[in-house]
Every structure is written in C-alpha cells, then in structure tokens.
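> The following file, query-v1.tsv, comprises TSV, C-alpha atoms (C1' of nucleotides):
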chain	number	residue	atom	x	y	z
A	1	MET	CA	0.00	0.00	0.00
A	2	VAL	CA	1.41	3.32	-1.02
A	3	GLN	CA	0.94	6.15	1.40
A	4	PHE	CA	0.56	9.58	-0.09
A	5	VAL	CA	2.23	12.67	1.23
A	6	HIS	CA	-0.19	15.52	1.69
A	7	PRO	CA	1.11	18.66	3.35
A	8	SER	CA	-1.16	20.21	5.91
A	9	ARG	CA	-2.82	23.46	5.00
A	10	GLU	CA	-0.33	25.63	6.85
A	11	ASP	CA	2.58	23.87	5.21
A	12	ILE	CA	1.48	24.92	1.74
A	13	THR	CA	3.89	27.56	0.49
A	14	LEU	CA	3.49	30.17	-2.17
A	15	ALA	CA	6.72	29.20	-3.89
A	16	GLY	CA	5.63	25.57	-3.81
A	17	VAL	CA	2.28	26.32	-5.39
A	18	LEU	CA	3.80	28.52	-8.05
A	19	ALA	CA	6.47	25.95	-8.85
A	20	ALA	CA	3.85	23.26	-9.16
A	21	LEU	CA	1.79	25.39	-11.51
A	22	ALA	CA	4.78	26.61	-13.47
A	23	ASP	CA	4.39	23.79	-15.93
A	24	PRO	CA	1.86	23.89	-18.75
A	25	MET	CA	0.96	20.25	-18.31
A	26	ARG	CA	0.29	20.56	-14.60
A	27	LEU	CA	-1.68	23.74	-15.17
A	28	ARG	CA	-3.87	21.81	-17.56
A	29	ILE	CA	-4.23	18.96	-15.14
A	30	VAL	CA	-5.42	21.25	-12.36
A	31	LYS	CA	-7.75	23.10	-14.67
A	32	SER	CA	-9.16	19.85	-15.92
A	33	LEU	CA	-9.58	18.52	-12.40
A	34	LEU	CA	-11.54	21.59	-11.40
A	35	GLU	CA	-13.77	21.40	-14.43
A	36	GLN	CA	-14.56	17.77	-13.87
A	37	ASN	CA	-14.61	18.23	-10.15
A	38	ASP	CA	-13.29	14.71	-9.81
A	39	CYS	CA	-10.69	13.01	-11.86
A	40	MET	CA	-8.75	9.85	-12.30
A	41	SER	CA	-5.14	10.39	-13.22
A	42	CYS	CA	-3.45	8.95	-16.23
A	43	THR	CA	-5.29	7.98	-19.35
A	44	GLU	CA	-8.80	8.83	-18.39
A	45	ALA	CA	-9.07	12.42	-17.37
A	46	ALA	CA	-5.63	13.87	-17.69
A	47	PRO	CA	-5.37	16.01	-20.78
A	48	CYS	CA	-1.96	14.66	-21.56
A	49	PRO	CA	-1.56	13.23	-25.01
A	50	GLY	CA	1.23	10.74	-25.50
A	51	MET	CA	2.83	11.33	-22.18
A	52	ALA	CA	4.60	8.51	-20.40
A	53	LYS	CA	2.77	7.04	-17.44
A	54	SER	CA	5.75	7.61	-15.22
A	55	THR	CA	5.98	11.26	-16.23
A	56	LEU	CA	2.31	11.74	-15.51
A	57	SER	CA	2.66	10.02	-12.18
A	58	ASN	CA	5.47	12.40	-11.37
A	59	HIS	CA	3.36	15.43	-12.25
A	60	PHE	CA	0.63	14.23	-9.92
A	61	ARG	CA	3.17	13.67	-7.19
A	62	ILE	CA	4.49	17.21	-7.57
A	63	LEU	CA	0.98	18.64	-7.42
A	64	ARG	CA	0.25	16.49	-4.40
A	65	GLU	CA	3.37	17.47	-2.52
A	66	ALA	CA	2.73	21.12	-3.24
A	67	GLY	CA	-0.64	20.72	-1.57
A	68	LEU	CA	-2.63	21.42	-4.71
A	69	ILE	CA	-4.40	18.11	-4.98
A	70	GLN	CA	-5.48	15.33	-2.71
A	71	THR	CA	-5.18	11.75	-3.85
A	72	SER	CA	-7.09	8.81	-2.51
A	73	LYS	CA	-7.38	5.28	-3.71
A	74	LYS	CA	-10.61	4.11	-5.19
A	75	GLY	CA	-10.22	0.59	-6.33
A	76	VAL	CA	-7.48	0.32	-8.89
A	77	GLN	CA	-7.59	3.95	-9.65
A	78	HIS	CA	-6.56	7.09	-7.85
A	79	ARG	CA	-9.04	9.81	-7.28
A	80	ASN	CA	-7.57	13.29	-7.35
A	81	ILE	CA	-9.33	16.41	-6.25
A	82	VAL	CA	-8.08	19.97	-6.09
A	83	ARG	CA	-7.71	21.23	-2.51
A	84	GLU	CA	-9.55	24.41	-3.33
A	85	ALA	CA	-10.58	25.16	0.22
A	86	ASP	CA	-7.04	24.81	1.53
A	87	ILE	CA	-5.48	26.85	-1.24
A	88	ASN	CA	-8.12	29.54	-0.96
A	89	ALA	CA	-7.72	29.70	2.78
A	90	ARG	CA	-4.01	30.10	2.43
A	91	PHE	CA	-3.90	32.32	-0.66
A	92	PRO	CA	-7.33	33.77	-1.33
A	93	GLY	CA	-7.97	34.35	-4.99
A	94	LEU	CA	-4.64	33.02	-6.15
A	95	LEU	CA	-5.83	29.84	-7.77
A	96	LYS	CA	-8.73	31.49	-9.53
A	97	THR	CA	-6.52	34.26	-10.85
A	98	ILE	CA	-3.89	31.92	-12.19
A	99	LEU	CA	-6.34	29.49	-13.74
A	100	ALA	CA	-8.18	32.31	-15.43
A	101	PHE	CA	-5.16	32.66	-17.69
A	102	ALA	CA	-4.44	28.99	-18.16
A	103	GLY	CA	-4.84	27.79	-21.73
B	1	MET	CA	28.55	45.51	-24.56
B	2	VAL	CA	26.12	42.93	-23.34
B	3	GLN	CA	22.76	42.86	-25.00
B	4	PHE	CA	19.84	41.88	-22.85
B	5	VAL	CA	17.05	39.59	-23.96
B	6	HIS	CA	13.64	41.05	-23.28
B	7	PRO	CA	10.66	39.14	-24.60
B	8	SER	CA	7.97	41.24	-26.19
B	9	ARG	CA	4.72	41.59	-24.30
B	10	GLU	CA	2.92	38.94	-26.29
B	11	ASP	CA	5.74	36.49	-25.77
B	12	ILE	CA	5.32	36.54	-22.01
B	13	THR	CA	3.83	33.23	-20.95
B	14	LEU	CA	1.94	32.29	-17.82
B	15	ALA	CA	4.15	29.28	-17.17
B	16	GLY	CA	7.21	31.44	-17.64
B	17	VAL	CA	6.02	34.05	-15.17
B	18	LEU	CA	5.05	31.44	-12.61
B	19	ALA	CA	8.35	29.62	-12.99
B	20	ALA	CA	10.23	32.87	-12.53
B	21	LEU	CA	8.29	33.68	-9.39
B	22	ALA	CA	8.46	30.13	-8.07
B	23	ASP	CA	11.59	30.92	-6.15
B	24	PRO	CA	11.53	32.72	-2.83
B	25	MET	CA	14.57	34.79	-3.68
B	26	ARG	CA	13.16	35.98	-6.97
B	27	LEU	CA	9.81	36.74	-5.37
B	28	ARG	CA	11.64	38.94	-2.89
B	29	ILE	CA	13.59	40.61	-5.64
B	30	VAL	CA	10.45	41.51	-7.55
B	31	LYS	CA	8.67	42.67	-4.41
B	32	SER	CA	11.66	44.77	-3.48
B	33	LEU	CA	11.89	46.23	-6.96
B	34	LEU	CA	8.27	47.26	-6.86
B	35	GLU	CA	8.60	48.83	-3.46
B	36	GLN	CA	11.65	50.84	-4.48
B	37	ASN	CA	10.25	51.40	-7.93
B	38	ASP	CA	13.80	51.36	-9.23
B	39	CYS	CA	16.58	49.08	-8.23
B	40	MET	CA	20.12	48.17	-8.90
B	41	SER	CA	20.78	44.46	-8.82
B	42	CYS	CA	23.35	42.79	-6.71
B	43	THR	CA	24.57	44.21	-3.45
B	44	GLU	CA	22.60	47.40	-3.30
B	45	ALA	CA	18.93	46.71	-3.55
B	46	ALA	CA	18.60	42.98	-3.80
B	47	PRO	CA	17.45	41.51	-0.52
B	48	CYS	CA	19.86	38.65	-0.89
B	49	PRO	CA	22.17	38.07	2.02
B	50	GLY	CA	25.36	36.17	1.31
B	51	MET	CA	24.39	35.09	-2.14
B	52	ALA	CA	26.99	34.67	-4.83
B	53	LYS	CA	27.13	37.41	-7.42
B	54	SER	CA	26.80	34.88	-10.18
B	55	THR	CA	23.72	33.35	-8.59
B	56	LEU	CA	22.13	36.76	-8.25
B	57	SER	CA	23.00	37.59	-11.83
B	58	ASN	CA	21.35	34.36	-12.86
B	59	HIS	CA	18.17	35.18	-10.95
B	60	PHE	CA	17.95	38.53	-12.68
B	61	ARG	CA	18.48	36.87	-16.01
B	62	ILE	CA	15.62	34.46	-15.34
B	63	LEU	CA	13.31	37.30	-14.33
B	64	ARG	CA	14.38	39.21	-17.40
B	65	GLU	CA	13.82	36.34	-19.81
B	66	ALA	CA	10.42	35.66	-18.28
B	67	GLY	CA	9.50	39.24	-19.09
B	68	LEU	CA	9.10	40.29	-15.50
B	69	ILE	CA	11.79	42.92	-15.40
B	70	GLN	CA	13.53	45.21	-17.81
B	71	THR	CA	17.22	45.83	-17.44
B	72	SER	CA	19.12	48.78	-18.78
B	73	LYS	CA	22.63	49.93	-18.20
B	74	LYS	CA	23.23	53.04	-16.23
B	75	GLY	CA	26.90	53.56	-15.89
B	76	VAL	CA	28.50	50.63	-14.17
B	77	GLN	CA	25.27	49.46	-12.73
B	78	HIS	CA	22.20	47.86	-14.13
B	79	ARG	CA	18.86	49.41	-13.57
B	80	ASN	CA	16.04	46.94	-13.22
B	81	ILE	CA	12.38	47.81	-13.28
B	82	VAL	CA	9.36	45.56	-13.09
B	83	ARG	CA	7.40	45.47	-16.35
B	84	GLU	CA	4.15	46.06	-14.51
B	85	ALA	CA	2.30	47.42	-17.51
B	86	ASP	CA	3.22	44.47	-19.69
B	87	ILE	CA	2.42	41.87	-17.07
B	88	ASN	CA	-0.84	43.53	-16.19
B	89	ALA	CA	-1.82	43.81	-19.82
B	90	ARG	CA	-1.11	40.16	-20.34
B	91	PHE	CA	-2.38	38.79	-17.02
B	92	PRO	CA	-4.49	41.41	-15.26
B	93	GLY	CA	-4.27	41.13	-11.51
B	94	LEU	CA	-1.86	38.24	-11.49
B	95	LEU	CA	1.20	40.06	-10.24
B	96	LYS	CA	-0.68	41.90	-7.54
B	97	THR	CA	-2.34	38.74	-6.32
B	98	ILE	CA	0.87	36.78	-6.14
B	99	LEU	CA	2.88	39.53	-4.50
B	100	ALA	CA	0.20	40.04	-1.91
B	101	PHE	CA	1.22	36.70	-0.46
B	102	ALA	CA	4.96	37.09	-0.87
B	103	GLY	CA	6.93	37.21	2.37
C	1	DT	C1'	46.70	54.43	-17.56
C	2	DC	C1'	45.22	51.96	-13.78
C	3	DA	C1'	42.59	50.58	-9.79
C	4	DA	C1'	37.87	49.85	-8.27
C	5	DT	C1'	33.25	48.48	-9.04
C	6	DA	C1'	29.16	45.96	-11.24
C	7	DG	C1'	27.85	42.14	-13.77
C	8	DT	C1'	28.41	38.34	-16.95
C	9	DT	C1'	30.34	34.09	-18.50
C	10	DC	C1'	32.67	29.72	-17.74
C	11	DA	C1'	33.54	25.12	-15.84
C	12	DG	C1'	32.44	21.86	-12.60
C	13	DT	C1'	29.22	19.55	-9.69
C	14	DA	C1'	24.65	18.63	-7.87
C	15	DA	C1'	19.86	18.34	-8.49
C	16	DT	C1'	15.80	17.55	-11.37
C	17	DA	C1'	12.68	16.21	-15.64
C	18	DG	C1'	11.37	12.76	-18.82
C	19	DC	C1'	11.37	8.15	-20.47
C	20	DG	C1'	10.88	2.99	-20.79
C	21	DA	C1'	11.11	-1.12	-18.10
C	22	DA	C1'	10.18	-3.49	-14.10
C	23	DC	C1'	7.47	-3.75	-10.00
C	24	DT	C1'	3.12	-3.48	-6.78
C	25	DA	C1'	-1.70	-3.46	-5.82
C	26	DT	C1'	-6.47	-4.19	-6.94
C	27	DT	C1'	-10.19	-6.14	-9.63
C	28	DG	C1'	-12.63	-9.62	-12.01
C	29	DA	C1'	-13.08	-13.88	-14.15
C	30	DA	C1'	-11.99	-18.94	-15.00
D	1	DT	C1'	-7.50	-20.03	-5.74
D	2	DT	C1'	-5.02	-18.54	-9.46
D	3	DC	C1'	-4.21	-15.69	-13.24
D	4	DA	C1'	-4.69	-11.99	-16.58
D	5	DA	C1'	-5.74	-7.06	-16.96
D	6	DT	C1'	-5.48	-2.45	-15.30
D	7	DA	C1'	-3.65	1.73	-12.70
D	8	DG	C1'	0.20	3.72	-10.62
D	9	DT	C1'	4.73	3.83	-8.57
D	10	DT	C1'	9.64	3.11	-8.51
D	11	DC	C1'	14.09	2.38	-10.75
D	12	DG	C1'	17.92	3.31	-13.84
D	13	DC	C1'	19.30	5.99	-17.42
D	14	DT	C1'	20.18	10.32	-20.00
D	15	DA	C1'	19.62	15.21	-20.78
D	16	DT	C1'	18.70	19.62	-19.09
D	17	DT	C1'	19.03	23.05	-15.54
D	18	DA	C1'	20.62	25.43	-10.96
D	19	DC	C1'	24.40	26.94	-7.84
D	20	DT	C1'	28.99	28.33	-7.02
D	21	DG	C1'	33.77	30.31	-7.24
D	22	DA	C1'	37.00	31.95	-10.56
D	23	DA	C1'	38.05	34.42	-14.49
D	24	DC	C1'	36.57	37.87	-17.66
D	25	DT	C1'	34.35	42.48	-19.54
D	26	DA	C1'	32.82	47.13	-19.21
D	27	DT	C1'	32.47	51.60	-17.07
D	28	DT	C1'	33.91	55.18	-13.90
D	29	DG	C1'	37.06	58.12	-11.65
D	30	DA	C1'	41.50	59.31	-9.90
Hey, can you dump this file as structure tokens for me?


Amino acid sequence: MVQFVHPSREDITLAGVLAALADPMRLRIVKSLLEQNDCMSCTEAAPCPGMAKSTLSNHFRILREAGLIQTSKKGVQHRNIVREADINARFPGLLKTILAFAG
Amino acid sequence: MVQFVHPSREDITLAGVLAALADPMRLRIVKSLLEQNDCMSCTEAAPCPGMAKSTLSNHFRILREAGLIQTSKKGVQHRNIVREADINARFPGLLKTILAFAG
DNA sequence: TCAATAGTTCAGTAATAGCGAACTATTGAA
DNA sequence: TTCAATAGTTCGCTATTACTGAACTATTGA
C-alpha cells in the first residue's frame, strides 16, 4: 500500500504552489480537475496526449506534494481532487486568478 | 557591450512568469523592486544576504527572460524595473495577487 | 593608464525532468 | 484459488538546468 504525502494546510507555500503550476501540463491537469470536479489520473481524465505514465505520475506527485491536490485510492484507480478550500484559505484568490489565464 | 534579452509583451507566458516567481529569492527581488520602484541588482537593492554574485545575476536573467523585469545599463550598474504594464496587460491582476502573499 | 566596481560568462558539480522497463496493488473472471 | 488485466509507482538511465567560485568584460574616476 502506497501512502501519499499531503502537506497540511499551513505547510502549503506560495513558492511551492507557483512551482507546481509553473508547468503547462500541470496547469492543464489542475484546470481539468476543477472542471470535472473529480478526476482519475493517467489515461482517463488527464489532458496529456502521448505522455509517459511515469511522467504523468510524477506530475501528480508534484501537485500532491505542493498541496494542490489530494489523492485517494478508489479501487485500482486514484481519485484526485483539487484542494480548493485549503489553497483559498491560504492564498485567497490566487488559484482562480492563475487558472483564469491557463490555456 | 552585453545585449539583454527582453521578450515582447505577447511572448510573455503564464508558465514562464510562474516559474520565474516560483523561487523565494526571486519573489523577494520583484517585491523589493516594486517597493523601491527602481533598483540596482546585486549588493545594493537585492534583498539577498550572502548570495553569490553569479547566482544573483542568474536570478535577474531568469526574471528578465520571463519578461518580468527590464534591465538597462546606467553607468556601471544595471537598472532593473518591473514590467508592470506588460504583465498587467497580459495577465491582469496576477502580479498583484501573487505579490500580496509574498513574504 | 590603472585601480575599483558591477555584472556576466565559464567550468564543474549537484539536483531535477522525462522516459521505458520493471514492479506493486487491486479487480474480475476462470 | 489462481491468473490476466489495469492503474500507478519506482528504478535506472540520459539530458537539461541550478548553484557556485573563478576568471573575464565594461564603465567610472582618480
């Protein structure tokens, strides 16, 4: 069983969030997650054409460790949701502002 | 004479801006530049204790190439200003929102 | 002309991204 | 139970990038 690292709300840093979002693919992933409001990684929901599974897994790990998403197991799959409440509590308006400009 | 690379306004990308700001030192540099509204790199204005000159130079280069600052020579020194108008035109509110949470 | 100052560039090392291959965990069916 | 299929992670590799001190360039002023 793999345990996921999720920083607590107060451990989410601005630099960490910005670094996590400073990648077009991860920006798209977060945007997509918010639009679907529930998303399975990899092939299904991730808008990542022709990207290696391991690379995708790494992107999700970076988002997770930055505190942007929460991952839980649901059968074989992983369910990822954006930690909107935590991010908004920590940096009000930041996520919305950034995503407004995301492709 | 060193020529500086400054992307045009429309070449400024969201990912580029976020990547440039996804470093605590560079966030502080930009914040400091805005507060002073005019700033010489290195020792004088940069809030960077004990950081190598080359590292600092590199940070300024990254900010410059992301389109966040404009550098011009003024005698021996370099004058750096934040390209507020360009950033705001491209991503209204983004800079203000991010800097509001910067240390 | 020369020393002092401000920055950049260079070379080396350390850290990180991206990839395929191998591995783990869960489901569902024979 | 056992085995194949599926979803992700981890590993080993290579390629790119960051950090640093040392050397270099450019400008000022004596």

> Put chain B on top of chain A with a least-squares fit on all C-alpha atoms, paired in order, and send it back as a compact mmCIF listing (two decimals) with C-alpha atoms, keeping the file's coordinate frame.


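What landed in part17.txt:
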# COMPACT_ATOMS: atom_id res chain seq x y z
CA MET B 1 -0.08 0.00 0.00
CA VAL B 2 1.37 3.30 -1.03
CA GLN B 3 0.97 6.14 1.38
CA PHE B 4 0.56 9.57 -0.11
CA VAL B 5 2.24 12.68 1.22
CA HIS B 6 -0.19 15.52 1.70
CA PRO B 7 1.13 18.65 3.34
CA SER B 8 -1.14 20.21 5.92
CA ARG B 9 -2.80 23.47 5.00
CA GLU B 10 -0.31 25.61 6.85
CA ASP B 11 2.59 23.85 5.20
CA ILE B 12 1.48 24.92 1.74
CA THR B 13 3.90 27.55 0.49
CA LEU B 14 3.49 30.18 -2.18
CA ALA B 15 6.72 29.19 -3.91
CA GLY B 16 5.63 25.57 -3.83
CA VAL B 17 2.27 26.31 -5.40
CA LEU B 18 3.80 28.51 -8.07
CA ALA B 19 6.46 25.94 -8.87
CA ALA B 20 3.81 23.25 -9.18
CA LEU B 21 1.76 25.38 -11.53
CA ALA B 22 4.78 26.58 -13.48
CA ASP B 23 4.39 23.78 -15.94
CA PRO B 24 1.86 23.88 -18.75
CA MET B 25 0.95 20.24 -18.32
CA ARG B 26 0.30 20.57 -14.62
CA LEU B 27 -1.70 23.75 -15.16
CA ARG B 28 -3.89 21.81 -17.57
CA ILE B 29 -4.24 18.96 -15.13
CA VAL B 30 -5.42 21.25 -12.36
CA LYS B 31 -7.76 23.12 -14.69
CA SER B 32 -9.16 19.85 -15.93
CA LEU B 33 -9.59 18.53 -12.41
CA LEU B 34 -11.53 21.60 -11.41
CA GLU B 35 -13.76 21.42 -14.43
CA GLN B 36 -14.56 17.76 -13.85
CA ASN B 37 -14.59 18.25 -10.12
CA ASP B 38 -13.28 14.72 -9.78
CA CYS B 39 -10.68 13.03 -11.85
CA MET B 40 -8.73 9.90 -12.27
CA SER B 41 -5.12 10.47 -13.20
CA CYS B 42 -3.41 8.99 -16.16
CA THR B 43 -5.23 8.01 -19.30
CA GLU B 44 -8.76 8.87 -18.36
CA ALA B 45 -9.03 12.45 -17.33
CA ALA B 46 -5.58 13.89 -17.70
CA PRO B 47 -5.34 16.03 -20.80
CA CYS B 48 -1.95 14.61 -21.58
CA PRO B 49 -1.53 13.18 -25.03
CA GLY B 50 1.26 10.68 -25.51
CA MET B 51 2.88 11.28 -22.19
CA ALA B 52 4.64 8.50 -20.37
CA LYS B 53 2.77 7.03 -17.43
CA SER B 54 5.74 7.62 -15.20
CA THR B 55 5.95 11.27 -16.22
CA LEU B 56 2.26 11.74 -15.51
CA SER B 57 2.62 10.01 -12.17
CA ASN B 58 5.45 12.37 -11.38
CA HIS B 59 3.37 15.42 -12.24
CA PHE B 60 0.63 14.26 -9.92
CA ARG B 61 3.15 13.67 -7.20
CA ILE B 62 4.47 17.21 -7.57
CA LEU B 63 0.96 18.66 -7.42
CA ARG B 64 0.23 16.50 -4.42
CA GLU B 65 3.36 17.48 -2.52
CA ALA B 66 2.71 21.14 -3.25
CA GLY B 67 -0.66 20.72 -1.58
CA LEU B 68 -2.65 21.42 -4.70
CA ILE B 69 -4.41 18.11 -4.98
CA GLN B 70 -5.47 15.33 -2.70
CA THR B 71 -5.17 11.76 -3.87
CA SER B 72 -7.07 8.82 -2.52
CA LYS B 73 -7.36 5.30 -3.74
CA LYS B 74 -10.59 4.12 -5.19
CA GLY B 75 -10.19 0.60 -6.33
CA VAL B 76 -7.47 0.35 -8.91
CA GLN B 77 -7.60 3.99 -9.69
CA HIS B 78 -6.57 7.10 -7.88
CA ARG B 79 -9.04 9.82 -7.29
CA ASN B 80 -7.57 13.29 -7.37
CA ILE B 81 -9.34 16.41 -6.24
CA VAL B 82 -8.09 19.97 -6.08
CA ARG B 83 -7.70 21.22 -2.50
CA GLU B 84 -9.58 24.40 -3.33
CA ALA B 85 -10.58 25.14 0.24
CA ASP B 86 -7.04 24.81 1.53
CA ILE B 87 -5.49 26.86 -1.24
CA ASN B 88 -8.12 29.53 -0.95
CA ALA B 89 -7.72 29.69 2.80
CA ARG B 90 -4.01 30.08 2.44
CA PHE B 91 -3.90 32.30 -0.65
CA PRO B 92 -7.34 33.77 -1.31
CA GLY B 93 -7.97 34.34 -4.98
CA LEU B 94 -4.65 33.01 -6.14
CA LEU B 95 -5.84 29.82 -7.76
CA LYS B 96 -8.73 31.49 -9.51
CA THR B 97 -6.54 34.26 -10.84
CA ILE B 98 -3.91 31.92 -12.18
CA LEU B 99 -6.35 29.48 -13.73
CA ALA B 100 -8.19 32.30 -15.43
CA PHE B 101 -5.17 32.66 -17.68
CA ALA B 102 -4.44 28.98 -18.15
CA GLY B 103 -4.85 27.71 -21.70

> Taking only C-alpha atoms into account, what are the residues of chain A at most 9 Å from chain B, put as JSON, numbers by chain?

{"A": [14, 15, 16, 17, 18, 19, 20, 21, 22, 23, 24, 27, 90, 91, 92, 93, 94, 97, 98, 100, 101, 102]}

> Could you list, as a list of chain:residue names, the residues of chain B having an atom within 8 Å of chain C when counting all atoms listed in the file?

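Residues satisfying the distance criterion: B:Lys53, B:Ser54, B:Ser57, B:Val76, B:Gln77, B:His78.
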
> Which distance in Å separates atom CA of B:Ala66 and atom CA of A:Asn88, to one decimal?

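Between these atoms lies a distance of 26.1 Å.
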
> Using all atoms listed in the file, find the residues of chain D whose closest atom to chain B is at most 12 Å away, then write them as a PDB file with C-alpha atoms (C1' of nucleotides), keeping the file's coordinate frame.


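See part-v1.pdb below for the written result:
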ATOM      1  C1'  DT D  17      19.030  23.050 -15.540  1.00  0.00           C
ATOM      2  C1'  DA D  18      20.620  25.430 -10.960  1.00  0.00           C
ATOM      3  C1'  DC D  19      24.400  26.940  -7.840  1.00  0.00           C
ATOM      4  C1'  DT D  20      28.990  28.330  -7.020  1.00  0.00           C
ATOM      5  C1'  DG D  21      33.770  30.310  -7.240  1.00  0.00           C
ATOM      6  C1'  DA D  22      37.000  31.950 -10.560  1.00  0.00           C
ATOM      7  C1'  DT D  25      34.350  42.480 -19.540  1.00  0.00           C
ATOM      8  C1'  DA D  26      32.820  47.130 -19.210  1.00  0.00           C
ATOM      9  C1'  DT D  27      32.470  51.600 -17.070  1.00  0.00           C
ATOM     10  C1'  DT D  28      33.910  55.180 -13.900  1.00  0.00           C
ATOM     11  C1'  DG D  29      37.060  58.120 -11.650  1.00  0.00           C
TER      12       DG D  29
END
